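Remarks on the structure that follows.
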Amino acid sequence: MTTDAIALPHFWNLLDALPVAILYKEHARSRILANKAALLLFQLPPEQPLLSLKDLQQLPLYGPDRKGRYDLLHNPLLLALSGSELEQTVILQQNQLLLSSKMVSLSYTLHSSVLISLQPASVLAPAPQMSAVAVHADIAELEEALAFDKLISLISTELINVQDDKLDQHIEDALAAVGEFCHADRSYVFQFNDEINEMSNTHEWVRDGITSAKAQLQQIPQQALPYFYEKIQQDLVFAVDKVAELPAEASAEKQEFDAEDIQSVLCCAMLADDKLIGFVGCDMVSRQRHWINNDLRRLKLVGEMLANTLQNVRYRHSLQAIQLQLQQANAQLQQQANQDGLTGIANRRHFDTTLQQELQRCSRYHLPLGLLMLDIDYFKAYNDYYGHQKGDTVLQQVSRLLQQQIKREGELAARYGGEEFAIILPAADANACNHIASGIQQQLQKLAIPHQGSDIKPILTLSIGYCSIMPDKNSSASELIQRADAALYRAKNTGRNAIVASSTADITSSLITD
């Protein structure tokens with residue numbers, strides 16, 4: 001297995017570059033990582049940094065007295081890998097080694113790990129190739145890199161599918177982490193607007209005793225900090241160890257930094273789809289700071305994570321907006337598909353669907369179902385006398401009147417065809433149907449719409465037929481319509497402007513044309 005094929009920690013380059021043999025193992029995983037110095041010490045292939053317990057069990061390890069090889073139960077290397085902290089001398093192939101191990105277990109890490117260093121006799125000798133102080137310094141740096149790697153893994157896991165209401169908290173957690181590990185006084189995120197000519201401080205972490213500057217750093221235009229804008233766009237990094245030594249062309253930036261008591265500042269661009277969307281930064285107030293590669297690496301890593309998260313949230317918001325627009329468009333199309341174009345009330349298609357649904361619902365709950373069929377009297381004569389435009393206006397007036405009668409769930413007024421209308425009345429018996437029909441005629445009479453072409457009255461009138469049934473599983477919509485329509489036929493045949501109830505004799509329906 002090659003190094004490229006192994007998912008290595010972020011701090012691997014540091015571990016691999018150390019001249020001291022290092023083994024690293026996370027308790028949650030079985031793999032053991034060995035750096036180049038360890039592979040050389042164990043005389044193992046340099047391209048295989050991943051070791052197994054079996055590989056280590058086969059190493060010839062002896063105690064300082066060289067009297068016997070360690071067995072599995074007392075092998076200090078295996079004990080260290082299992083979690084026991086050790087520091088003792090061992091012999092490997094006649095070479096004296098100092099084996100030291102340390103557990104790393106922080107409250108915010110995913111799981112504990114162990115670091116093992118094996119220093120050969122040349123390091124332990126009075127004239128070492130590498131001083132013990134330098135070795136311990138590198139180990140300390142490695143431990144810090146390990147802790148940061150685990151913390152970044154945890155933050156990354158939390159940011160992958162972060163909910164909108166938790167986004168700010170997770171970003172501030174990430175800023176706190178990078179601020180602590182970079183030993184900074186402040187860390188923050190700035191986001192640009194779409195044209196990258198204005199920026200605002202959207203998130204900030206400050207160390208205890210340091211004053212927040214977030215409130216004053218909103219909607220800063222490009223012309224206010226031209227030097228900074230140019231650097232962050234060109235170099236994607238803005239690193240200043242000494243604010244006092246900024247060049248003359250950065251006078252505006254120096255003035256701003258002085259106002260915030262900033263002595264050193266480091267910023268890394270955040271990119272999404274190769275577009276600059278902002279930057280993550282940290283600064284020093286209490287003292288000056290020489291930024292090192294680890295600071296830049298950590299800040300860049302956090303910046304990449306936050307940029308991806310912010311972009312994902314933006315994509316999610318955009319997708320949600322598109323979905324909402326589609327839902328609204330579909331609802332509008334559905335409404336248009338169910339609505340009569342002239343009158344605005346339900347059309348025949350919507351009427352047929354609703355009647356079938358209410359038939360089934362009333363059957364299930366043992367409720368009556370009423371249906372009114374209504375027809376404008378002498379409508380053809382109205383059109384001939386007043387014209388079709390006035391006829392359309394009358395249809396709209398009658399539709400509004402019918403719509404006003406719809407007050408309960410499931411009730412529906414519809415244009416059935418031409419000048420004929422229908423009203424579905426769930427849970428309405430014959431008396432309720434007659435009451436509503438009478439109310440419609442009374443309201444129409446109050447409107448007193450002139451109709452000089454009528455043979456009944458000089459105002460517009462309606463003929464109404466109705467039917468109410470107790471539906472069961474054998475009831476059909478067509479049967480109900482036929483019975484109500486037959487009642488309407490008799491209302492029109494008996495002089496119009498009448499209300500007629502369906503009778504048991506209403507089996508078929510007839511149509512009367514003006």
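As shown in the structure tokens, the chain order sets the letters A, B, ...; within each chain, residues go from 1, and ligands are also counted from 1 in the order they appear.
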Practice task
Pull the alpha helix (DSSP H) assignments for stretch 213-329 of chain A out of DSSP run on the backbone, and list those residues as an MDAnalysis selection string.
Solution key: chainID A and resid 226:235 251:259 293:329
Practice task
Write out as a VMD selection string each polymer residue whose atoms come within 10 Å of stretch 399-415 of chain A, counting only C-alpha atoms; drop sequence neighbours fewer than 6 positions from it.
Solution key: chain A and resid 338 to 340 342 to 352 354 to 355 357 to 358 361 370 to 374 393 421 to 428 436 to 437 439 to 441 443 to 444 447
With only C-alpha atoms counted and 6 Å as the cut-off, give the residues of stretch 265-369 of chain A in contact with stretch 162-184 of chain A, each with its shortest interatomic distance in Å and the pair that gives it, as a Markdown table.
```
| residue | atom | partner | partner_atom | distance |
| --- | --- | --- | --- | --- |
| A:Asp283 | CA | A:Ala184 | CA | 5.9 |
| A:Met284 | CA | A:Ala184 | CA | 5.6 |
| A:Asp295 | CA | A:Cys182 | CA | 5.7 |
```
Exercise for the section: Can you work out which one of A:Leu225, A:Ala331, A:Ile22, A:Ile116 has the shortest atom-to-atom distance to A:Gly83, counting only C-alpha atoms? Expected result: A:Ile116
Exercise for the section: For A:Tyr385, list every protein, DNA or RNA residue within 12 Å, evaluated using only C-alpha atoms, and leave out those in the same chain fewer than 3 positions away; present the list as a list in words. Expected result: Tyr378, Phe379, Lys380, Ala381, Tyr382, His388, Gln389, Lys390, Gly391, Pro450, His451, Gln452, Gly453 and Ser454 of chain A
Emit the selected residues as a compact mmCIF listing (two decimals), in the first residue's frame, including N, CA, C and O atoms.
```
# COMPACT_ATOMS: atom_id res chain seq x y z
N TYR A 378 -83.86 32.37 -18.95
CA TYR A 378 -83.86 33.14 -20.19
C TYR A 378 -82.52 33.87 -20.43
O TYR A 378 -82.49 35.05 -20.78
N PHE A 379 -81.44 33.13 -20.27
CA PHE A 379 -80.13 33.76 -20.42
C PHE A 379 -79.82 34.10 -21.88
O PHE A 379 -79.19 35.11 -22.19
N LYS A 380 -80.31 33.27 -22.80
CA LYS A 380 -80.10 33.55 -24.22
C LYS A 380 -80.78 34.87 -24.59
O LYS A 380 -80.21 35.71 -25.31
N ALA A 381 -81.99 35.07 -24.04
CA ALA A 381 -82.69 36.33 -24.31
C ALA A 381 -81.93 37.51 -23.70
O ALA A 381 -81.94 38.62 -24.26
N TYR A 382 -81.29 37.30 -22.54
CA TYR A 382 -80.50 38.37 -21.91
C TYR A 382 -79.35 38.78 -22.83
O TYR A 382 -79.10 39.98 -23.03
N HIS A 388 -73.34 40.17 -25.39
CA HIS A 388 -72.57 39.11 -24.71
C HIS A 388 -71.64 39.67 -23.63
O HIS A 388 -71.35 38.98 -22.64
N GLN A 389 -71.19 40.90 -23.80
CA GLN A 389 -70.31 41.46 -22.76
C GLN A 389 -71.07 41.65 -21.45
O GLN A 389 -70.57 41.31 -20.38
N LYS A 390 -72.32 42.15 -21.55
CA LYS A 390 -73.16 42.27 -20.37
C LYS A 390 -73.51 40.89 -19.82
O LYS A 390 -73.62 40.69 -18.61
N GLY A 391 -73.67 39.93 -20.74
CA GLY A 391 -73.96 38.56 -20.31
C GLY A 391 -72.82 37.99 -19.48
O GLY A 391 -73.05 37.31 -18.46
N PRO A 450 -81.34 44.10 -13.89
CA PRO A 450 -82.38 44.25 -14.94
C PRO A 450 -82.31 43.14 -15.98
O PRO A 450 -81.22 42.71 -16.40
N HIS A 451 -83.51 42.63 -16.38
CA HIS A 451 -83.59 41.60 -17.43
C HIS A 451 -84.90 41.83 -18.21
O HIS A 451 -85.93 41.21 -17.93
N GLN A 452 -84.81 42.71 -19.16
CA GLN A 452 -86.00 43.07 -19.92
C GLN A 452 -86.41 41.97 -20.90
O GLN A 452 -87.53 41.98 -21.41
N GLY A 453 -85.54 40.99 -21.14
CA GLY A 453 -85.87 39.90 -22.06
C GLY A 453 -86.56 38.74 -21.38
O GLY A 453 -86.88 37.73 -22.03
N SER A 454 -86.80 38.83 -20.04
CA SER A 454 -87.42 37.74 -19.30
C SER A 454 -88.94 37.80 -19.42
O SER A 454 -89.53 38.88 -19.40
```
Exercise for the section: Pick out the residues sitting within 8 Å of A:Tyr227, and hand them over as a ChimeraX atom specification; count only C-alpha atoms, and ignore anything fewer than 2 positions along from it in its own chain. Expected result: /A:225,229-231,249-250,253
Expected file: the selected residues, all heavy atoms, as a CSV table (one decimal), in the first residue's frame:
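Just written: out-v9.csv:
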```
chain,number,residue,atom,x,y,z
A,225,LEU,N,-10.2,50.6,2.2
A,225,LEU,CA,-9.0,49.8,2.5
A,225,LEU,C,-8.5,49.2,1.2
A,225,LEU,O,-8.5,48.0,0.9
A,225,LEU,CB,-9.3,48.6,3.5
A,225,LEU,CG,-9.9,49.0,4.8
A,225,LEU,CD1,-10.3,47.8,5.6
A,225,LEU,CD2,-8.9,49.8,5.7
A,229,TYR,N,-7.6,45.2,0.1
A,229,TYR,CA,-8.4,44.6,-1.0
A,229,TYR,C,-7.6,44.0,-2.1
A,229,TYR,O,-7.8,42.9,-2.6
A,229,TYR,CB,-9.4,45.6,-1.5
A,229,TYR,CG,-10.8,45.5,-0.8
A,229,TYR,CD1,-11.0,46.4,0.2
A,229,TYR,CD2,-11.8,44.7,-1.3
A,229,TYR,CE1,-12.3,46.4,0.9
A,229,TYR,CE2,-13.1,44.7,-0.6
A,229,TYR,CZ,-13.3,45.5,0.4
A,229,TYR,OH,-14.5,45.6,1.1
A,230,GLU,N,-6.6,44.8,-2.5
A,230,GLU,CA,-5.7,44.4,-3.6
A,230,GLU,C,-4.9,43.2,-3.2
A,230,GLU,O,-4.8,42.2,-4.0
A,230,GLU,CB,-4.8,45.5,-4.0
A,230,GLU,CG,-3.8,45.2,-5.2
A,230,GLU,CD,-2.9,46.3,-5.5
A,230,GLU,OE1,-2.9,47.4,-4.8
A,230,GLU,OE2,-2.1,46.2,-6.4
A,231,LYS,N,-4.3,43.2,-2.0
A,231,LYS,CA,-3.5,42.0,-1.6
A,231,LYS,C,-4.3,40.7,-1.5
A,231,LYS,O,-3.9,39.7,-1.9
A,231,LYS,CB,-2.9,42.4,-0.3
A,231,LYS,CG,-1.7,43.3,-0.4
A,231,LYS,CD,-0.5,42.7,-1.1
A,231,LYS,CE,0.7,43.6,-1.1
A,231,LYS,NZ,1.8,43.0,-1.9
A,249,GLU,N,1.6,53.2,1.1
A,249,GLU,CA,0.4,53.0,0.3
A,249,GLU,C,-0.7,52.3,1.2
A,249,GLU,O,-1.9,52.2,0.8
A,249,GLU,CB,0.6,52.3,-1.0
A,249,GLU,CG,1.2,50.9,-0.8
A,249,GLU,CD,2.7,50.8,-1.0
A,249,GLU,OE1,3.3,51.9,-0.6
A,249,GLU,OE2,3.2,49.8,-1.4
A,250,ALA,N,-0.3,51.8,2.3
A,250,ALA,CA,-1.2,51.1,3.3
A,250,ALA,C,-1.6,52.0,4.4
A,250,ALA,O,-1.9,51.5,5.5
A,250,ALA,CB,-0.7,49.8,3.7
A,253,GLU,N,-5.1,51.3,5.9
A,253,GLU,CA,-5.1,50.1,6.7
A,253,GLU,C,-4.4,50.3,8.0
A,253,GLU,O,-4.9,49.8,9.1
A,253,GLU,CB,-4.4,49.0,5.9
A,253,GLU,CG,-5.2,48.4,4.7
A,253,GLU,CD,-5.2,49.4,3.5
A,253,GLU,OE1,-4.5,50.4,3.5
A,253,GLU,OE2,-6.1,49.1,2.6
```
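Nearest-residue note for A:Ser438: choosing from A:Gln234, A:Ser463, A:Gln191, A:Ser475, the minimum distance belongs to A:Ser463, counting only C-alpha atoms.
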I need the residues of stretch 377-508 of chain A that end up classed as strand (DSSP E) by DSSP on the backbone, written out as a JSON list (two decimals) with C-alpha atoms, in the first residue's frame.
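Contents of result-v8.json, as written:
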```json
[["chain", "number", "residue", "atom", "x", "y", "z"],
["A", 412, "LEU", "CA", -68.03, 24.12, -3.50],
["A", 413, "ALA", "CA", -69.68, 26.43, -6.01],
["A", 414, "ALA", "CA", -68.84, 25.67, -9.65],
["A", 415, "ARG", "CA", -69.72, 26.76, -13.14],
["A", 416, "TYR", "CA", -71.22, 23.59, -14.59],
["A", 417, "GLY", "CA", -71.49, 24.86, -18.15],
["A", 420, "GLU", "CA", -75.67, 26.58, -15.45],
["A", 421, "PHE", "CA", -74.05, 26.33, -12.00],
["A", 422, "ALA", "CA", -73.77, 23.69, -9.25],
["A", 423, "ILE", "CA", -73.16, 23.75, -5.50],
["A", 424, "ILE", "CA", -71.88, 20.74, -3.53],
["A", 425, "LEU", "CA", -73.18, 20.67, 0.07],
["A", 426, "PRO", "CA", -71.62, 17.96, 2.32],
["A", 462, "LEU", "CA", -82.70, 31.51, -11.20],
["A", 463, "SER", "CA", -84.29, 28.07, -11.42],
["A", 464, "ILE", "CA", -82.92, 25.61, -8.85],
["A", 465, "GLY", "CA", -83.17, 21.85, -8.49],
["A", 466, "TYR", "CA", -81.63, 19.98, -5.59],
["A", 467, "CYS", "CA", -81.10, 16.49, -4.28],
["A", 468, "SER", "CA", -79.84, 15.12, -0.96],
["A", 469, "ILE", "CA", -78.88, 11.47, -0.43],
["A", 499, "ILE", "CA", -86.95, 25.67, -6.33],
["A", 500, "VAL", "CA", -87.73, 21.97, -6.81],
["A", 501, "ALA", "CA", -86.54, 19.02, -4.73]]
```
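In terms of minimum interatomic distance to A:Gly278, A:Val189 ranks closest within A:Ala248, A:Leu359, A:Val189, A:Leu99, counting only C-alpha atoms.
Look at A:Leu51: the protein and nucleic acid residues within 8 Å of it, using only C-alpha atoms and passing over chain neighbours fewer than 6 places away, are Arg31, Ile32, Leu33 and Ala34 of chain A.
Straight-line separation from atom CA of A:Arg287 to atom CA of A:Ile210: 12.1 Å.
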Handout entry: Contacts of stretch 68-73 of chain A within 12 Å, only C-alpha atoms, excl. fewer than 4 positions in-chain, as a VMD selection string
Key = chain A and resid 53 to 54 56 to 64 77 to 80 82 90 to 94
Handout entry: Polymer residues at most 9 Å from A:Glu85, only C-alpha atoms, same-chain spacing of 3 or more positions, as a list in words
Key = Leu79, Ala80, Leu81, Ser100, Ser101, Lys102, Met103 and Val114 of chain A
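Taking atom CA of A:Ala269 and atom CA of A:Gly303 as the two end points, the separation is 6.9 Å.
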